[in-house]
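Undergrad: Input file: structure_3.txt. Contents: compact mmCIF, N, CA and C atoms.
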# COMPACT_ATOMS: atom_id res chain seq x y z
N MET G 1 24.17 8.56 -11.55
CA MET G 1 22.77 8.72 -11.24
C MET G 1 22.36 10.15 -11.55
N SER G 2 21.30 10.32 -12.29
CA SER G 2 20.86 11.65 -12.68
C SER G 2 20.05 12.30 -11.56
N ASP G 3 19.81 13.59 -11.74
CA ASP G 3 19.00 14.32 -10.76
C ASP G 3 17.58 13.78 -10.72
N PHE G 4 17.08 13.33 -11.88
CA PHE G 4 15.73 12.78 -11.95
C PHE G 4 15.62 11.52 -11.09
N ASP G 5 16.61 10.64 -11.19
CA ASP G 5 16.61 9.41 -10.40
C ASP G 5 16.71 9.72 -8.91
N ALA G 6 17.54 10.70 -8.57
CA ALA G 6 17.69 11.08 -7.17
C ALA G 6 16.38 11.65 -6.63
N ASP G 7 15.68 12.44 -7.46
CA ASP G 7 14.39 12.99 -7.03
C ASP G 7 13.36 11.88 -6.83
N LYS G 8 13.36 10.92 -7.75
CA LYS G 8 12.42 9.79 -7.63
C LYS G 8 12.70 8.97 -6.37
N ASN G 9 13.99 8.72 -6.10
CA ASN G 9 14.35 7.96 -4.91
C ASN G 9 13.98 8.71 -3.64
N ALA G 10 14.18 10.02 -3.65
CA ALA G 10 13.81 10.84 -2.49
C ALA G 10 12.30 10.85 -2.29
N GLN G 11 11.56 10.91 -3.39
CA GLN G 11 10.10 10.89 -3.30
C GLN G 11 9.61 9.54 -2.78
N PHE G 12 10.22 8.46 -3.26
CA PHE G 12 9.85 7.12 -2.81
C PHE G 12 10.11 6.98 -1.31
N ALA G 13 11.28 7.45 -0.86
CA ALA G 13 11.61 7.38 0.57
C ALA G 13 10.65 8.24 1.38
N GLY G 14 10.28 9.39 0.86
CA GLY G 14 9.32 10.25 1.55
C GLY G 14 7.94 9.61 1.66
N ASP G 15 7.52 8.96 0.58
CA ASP G 15 6.22 8.27 0.60
C ASP G 15 6.23 7.13 1.62
N LYS G 16 7.34 6.38 1.66
CA LYS G 16 7.44 5.28 2.63
C LYS G 16 7.38 5.82 4.06
N ALA G 17 8.08 6.94 4.32
CA ALA G 17 8.07 7.52 5.66
C ALA G 17 6.68 8.02 6.03
N LYS G 18 6.00 8.66 5.08
CA LYS G 18 4.64 9.16 5.34
C LYS G 18 3.69 8.00 5.63
N ASN G 19 3.81 6.92 4.86
CA ASN G 19 2.96 5.75 5.08
C ASN G 19 3.21 5.15 6.47
N LYS G 20 4.46 5.09 6.88
CA LYS G 20 4.79 4.53 8.20
C LYS G 20 4.24 5.42 9.30
N LEU G 21 4.34 6.75 9.14
CA LEU G 21 3.78 7.67 10.13
C LEU G 21 2.26 7.55 10.20
N ASP G 22 1.60 7.44 9.04
CA ASP G 22 0.15 7.27 9.03
C ASP G 22 -0.26 5.96 9.69
N GLU G 23 0.53 4.92 9.45
CA GLU G 23 0.25 3.62 10.07
C GLU G 23 0.36 3.71 11.60
N LEU G 24 1.41 4.36 12.06
CA LEU G 24 1.59 4.53 13.51
C LEU G 24 0.50 5.41 14.11
N ALA G 25 0.11 6.47 13.40
CA ALA G 25 -0.97 7.34 13.89
C ALA G 25 -2.29 6.57 13.97
N GLY G 26 -2.56 5.76 12.96
CA GLY G 26 -3.78 4.96 12.97
C GLY G 26 -3.78 3.95 14.10
N SER G 27 -2.63 3.33 14.35
CA SER G 27 -2.52 2.36 15.43
C SER G 27 -2.72 3.04 16.78
N ALA G 28 -2.15 4.24 16.93
CA ALA G 28 -2.33 4.99 18.18
C ALA G 28 -3.79 5.38 18.38
N GLN G 29 -4.44 5.82 17.30
CA GLN G 29 -5.85 6.19 17.42
C GLN G 29 -6.71 4.98 17.75
N GLN G 30 -6.37 3.83 17.17
CA GLN G 30 -7.11 2.61 17.45
C GLN G 30 -6.93 2.20 18.92
N GLN G 31 -5.71 2.31 19.42
CA GLN G 31 -5.45 1.97 20.83
C GLN G 31 -6.14 2.96 21.76
N PHE G 32 -6.20 4.23 21.37
CA PHE G 32 -6.93 5.23 22.16
C PHE G 32 -8.41 4.85 22.22
N GLY G 33 -8.94 4.43 21.08
CA GLY G 33 -10.34 4.00 21.04
C GLY G 33 -10.59 2.80 21.93
N ASP G 34 -9.63 1.88 21.98
CA ASP G 34 -9.74 0.73 22.89
C ASP G 34 -9.73 1.19 24.34
N PHE G 35 -8.84 2.14 24.64
CA PHE G 35 -8.67 2.61 26.01
C PHE G 35 -9.92 3.33 26.53
N VAL G 36 -10.51 4.17 25.70
CA VAL G 36 -11.69 4.94 26.14
C VAL G 36 -13.00 4.27 25.71
N ASP G 37 -12.89 3.08 25.13
CA ASP G 37 -14.04 2.30 24.68
C ASP G 37 -14.90 3.09 23.69
N SER G 38 -14.24 3.61 22.65
CA SER G 38 -14.92 4.40 21.63
C SER G 38 -14.81 3.67 20.28
N PRO G 39 -15.90 3.06 19.85
CA PRO G 39 -15.87 2.35 18.57
C PRO G 39 -15.52 3.28 17.40
N LYS G 40 -15.93 4.55 17.50
CA LYS G 40 -15.65 5.51 16.44
C LYS G 40 -14.13 5.67 16.25
N HIS G 41 -13.41 5.84 17.35
CA HIS G 41 -11.96 6.00 17.27
C HIS G 41 -11.29 4.69 16.85
N GLN G 42 -11.84 3.57 17.30
CA GLN G 42 -11.27 2.27 16.93
C GLN G 42 -11.35 2.07 15.42
N VAL G 43 -12.51 2.36 14.84
CA VAL G 43 -12.72 2.14 13.41
C VAL G 43 -11.89 3.13 12.59
N LYS G 44 -11.89 4.40 13.00
CA LYS G 44 -11.10 5.39 12.27
C LYS G 44 -9.61 5.06 12.32
N GLY G 45 -9.14 4.63 13.47
CA GLY G 45 -7.74 4.26 13.61
C GLY G 45 -7.38 3.06 12.76
N ALA G 46 -8.25 2.06 12.79
CA ALA G 46 -7.99 0.86 11.99
C ALA G 46 -8.01 1.19 10.50
N ALA G 47 -8.95 2.03 10.08
CA ALA G 47 -9.03 2.41 8.67
C ALA G 47 -7.77 3.15 8.24
N LYS G 48 -7.30 4.06 9.07
CA LYS G 48 -6.09 4.82 8.74
C LYS G 48 -4.87 3.90 8.68
N LYS G 49 -4.80 2.99 9.62
CA LYS G 49 -3.67 2.06 9.67
C LYS G 49 -3.63 1.16 8.45
N TYR G 50 -4.77 0.57 8.08
CA TYR G 50 -4.81 -0.35 6.96
C TYR G 50 -4.69 0.37 5.62
N ALA G 51 -5.18 1.60 5.54
CA ALA G 51 -5.00 2.39 4.31
C ALA G 51 -3.52 2.69 4.10
N ALA G 52 -2.81 2.99 5.16
CA ALA G 52 -1.37 3.26 5.05
C ALA G 52 -0.62 1.99 4.64
N GLN G 53 -1.02 0.85 5.18
CA GLN G 53 -0.37 -0.41 4.81
C GLN G 53 -0.62 -0.74 3.34
N ALA G 54 -1.85 -0.49 2.87
CA ALA G 54 -2.18 -0.75 1.47
C ALA G 54 -1.39 0.18 0.56
N SER G 55 -1.29 1.44 0.94
CA SER G 55 -0.52 2.40 0.16
C SER G 55 0.95 2.01 0.09
N ASP G 56 1.46 1.52 1.19
CA ASP G 56 2.85 1.06 1.24
C ASP G 56 3.06 -0.14 0.31
N ALA G 57 2.10 -1.06 0.32
CA ALA G 57 2.19 -2.23 -0.56
C ALA G 57 2.14 -1.82 -2.03
N VAL G 58 1.28 -0.87 -2.36
CA VAL G 58 1.18 -0.38 -3.73
C VAL G 58 2.50 0.27 -4.15
N SER G 59 3.10 1.03 -3.25
CA SER G 59 4.40 1.65 -3.55
C SER G 59 5.47 0.59 -3.82
N ASP G 60 5.46 -0.46 -3.01
CA ASP G 60 6.44 -1.54 -3.20
C ASP G 60 6.25 -2.23 -4.55
N VAL G 61 5.01 -2.52 -4.89
CA VAL G 61 4.72 -3.20 -6.16
C VAL G 61 5.09 -2.29 -7.32
N THR G 62 4.76 -1.01 -7.22
CA THR G 62 5.10 -0.07 -8.28
C THR G 62 6.61 -0.01 -8.49
N GLU G 63 7.36 0.05 -7.42
CA GLU G 63 8.82 0.10 -7.51
C GLU G 63 9.37 -1.20 -8.10
N ALA G 64 8.80 -2.34 -7.71
CA ALA G 64 9.27 -3.62 -8.24
C ALA G 64 9.00 -3.73 -9.74
N VAL G 65 7.85 -3.26 -10.18
CA VAL G 65 7.52 -3.31 -11.60
C VAL G 65 8.42 -2.37 -12.40
N LYS G 66 8.74 -1.22 -11.82
CA LYS G 66 9.66 -0.29 -12.51
C LYS G 66 11.04 -0.91 -12.66
N ASN G 67 11.47 -1.65 -11.65
CA ASN G 67 12.79 -2.27 -11.70
C ASN G 67 12.85 -3.49 -12.61
N ASN G 68 11.74 -4.21 -12.73
CA ASN G 68 11.70 -5.42 -13.54
C ASN G 68 10.34 -5.51 -14.24
N PRO G 69 10.16 -4.81 -15.36
CA PRO G 69 8.85 -4.76 -16.02
C PRO G 69 8.37 -6.10 -16.57
N LEU G 70 9.28 -6.97 -16.96
CA LEU G 70 8.85 -8.26 -17.51
C LEU G 70 8.11 -9.09 -16.47
N THR G 71 8.62 -9.10 -15.25
CA THR G 71 7.95 -9.84 -14.18
C THR G 71 6.56 -9.26 -13.92
N GLY G 72 6.45 -7.94 -13.92
CA GLY G 72 5.15 -7.30 -13.73
C GLY G 72 4.18 -7.65 -14.84
N LEU G 73 4.68 -7.69 -16.06
CA LEU G 73 3.83 -8.04 -17.20
C LEU G 73 3.35 -9.48 -17.10
N ILE G 74 4.22 -10.38 -16.71
CA ILE G 74 3.85 -11.79 -16.55
C ILE G 74 2.82 -11.94 -15.43
N ALA G 75 3.03 -11.26 -14.31
CA ALA G 75 2.08 -11.33 -13.19
C ALA G 75 0.72 -10.77 -13.59
N ALA G 76 0.71 -9.65 -14.30
CA ALA G 76 -0.56 -9.07 -14.74
C ALA G 76 -1.28 -10.01 -15.70
N GLY G 77 -0.53 -10.66 -16.61
CA GLY G 77 -1.13 -11.61 -17.52
C GLY G 77 -1.73 -12.81 -16.80
N ALA G 78 -1.01 -13.30 -15.79
CA ALA G 78 -1.52 -14.44 -15.02
C ALA G 78 -2.80 -14.07 -14.28
N VAL G 79 -2.83 -12.88 -13.70
CA VAL G 79 -4.04 -12.43 -13.00
C VAL G 79 -5.19 -12.30 -13.99
N GLY G 80 -4.90 -11.78 -15.17
CA GLY G 80 -5.95 -11.65 -16.21
C GLY G 80 -6.49 -12.99 -16.64
N VAL G 81 -5.64 -13.98 -16.81
CA VAL G 81 -6.08 -15.32 -17.22
C VAL G 81 -6.96 -15.93 -16.12
N VAL G 82 -6.52 -15.82 -14.88
CA VAL G 82 -7.31 -16.40 -13.77
C VAL G 82 -8.67 -15.71 -13.66
N LEU G 83 -8.68 -14.37 -13.73
CA LEU G 83 -9.97 -13.67 -13.67
C LEU G 83 -10.85 -14.03 -14.86
N GLY G 84 -10.25 -14.16 -16.03
CA GLY G 84 -11.02 -14.54 -17.21
C GLY G 84 -11.66 -15.91 -17.05
N LEU G 85 -10.90 -16.84 -16.49
CA LEU G 85 -11.43 -18.19 -16.27
C LEU G 85 -12.55 -18.19 -15.23
N LEU G 86 -12.34 -17.42 -14.15
CA LEU G 86 -13.35 -17.39 -13.09
C LEU G 86 -14.63 -16.68 -13.52
N LEU G 87 -14.48 -15.57 -14.24
CA LEU G 87 -15.66 -14.80 -14.64
C LEU G 87 -16.33 -15.35 -15.89
N GLY G 88 -15.62 -16.15 -16.67
CA GLY G 88 -16.16 -16.68 -17.91
C GLY G 88 -16.95 -17.96 -17.74
N ARG G 89 -17.00 -18.50 -16.55
CA ARG G 89 -17.74 -19.75 -16.32
C ARG G 89 -19.24 -19.50 -16.34
N LYS G 90 -19.94 -20.49 -16.87
CA LYS G 90 -21.40 -20.37 -16.93
C LYS G 90 -22.05 -21.47 -16.15
Output the structure of this file as structure tokens.
TA:
Amino acid sequence: MSDFDADKNAQFAGDKAKNKLDELAGSAQQQFGDFVDSPKHQVKGAAKKYAAQASDAVSDVTEAVKNNPLTGLIAAGAVGVVLGLLLGRK
């Protein structure tokens, strides 16, 4: 394993840890908003939590496509065909 691969793996693990911390922070802020009945804190917490989950999902998909590009290409093509069919209807 080269230094480049080790750096990429360390960065991926760091991103996953940051996303998990952001998710936990958002959940805590949302629960705080529930406790003090503050819609502002509830919404901010939920937004932070779901943004972290989305970022985590994007990281997972990116890593999967890097490991197996043919599957990613097939999935992207299928999504393109479905969108083309849905948007091309008159």
Undergrad: Can you tell me how far atom CA of G:Val36 sits from atom CA of G:Lys20, in Å to one decimal?
TA: 24.4 Å
Undergrad: Would you work out the distance separating atom C of G:Val43 from atom CA of G:Gln30, expressed in Å to one decimal?
TA: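 Computing it gives 6.8 Å between the two atoms.
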Undergrad: Please, what distance in Å, to one decimal, runs between atom C of G:Leu24 and atom CA of G:Gly45?
TA: 8.3 Å
Undergrad: Just the residues within 12 Å of G:Val58, please, counting only C-alpha atoms, with nothing from its chain fewer than 4 positions along; format it as a list in words.
TA: Phe12, Asp15, Lys16, Asn19, Ala51, Ala52, Gln53, Ala54, Thr62, Glu63, Ala64 and Val65 of chain G
Undergrad: G:Gln42: which residues within 12 Å, counting only C-alpha atoms, same-chain residues fewer than 5 positions away excluded, as number ranges by chain?
TA: G: 25-37, 47-49
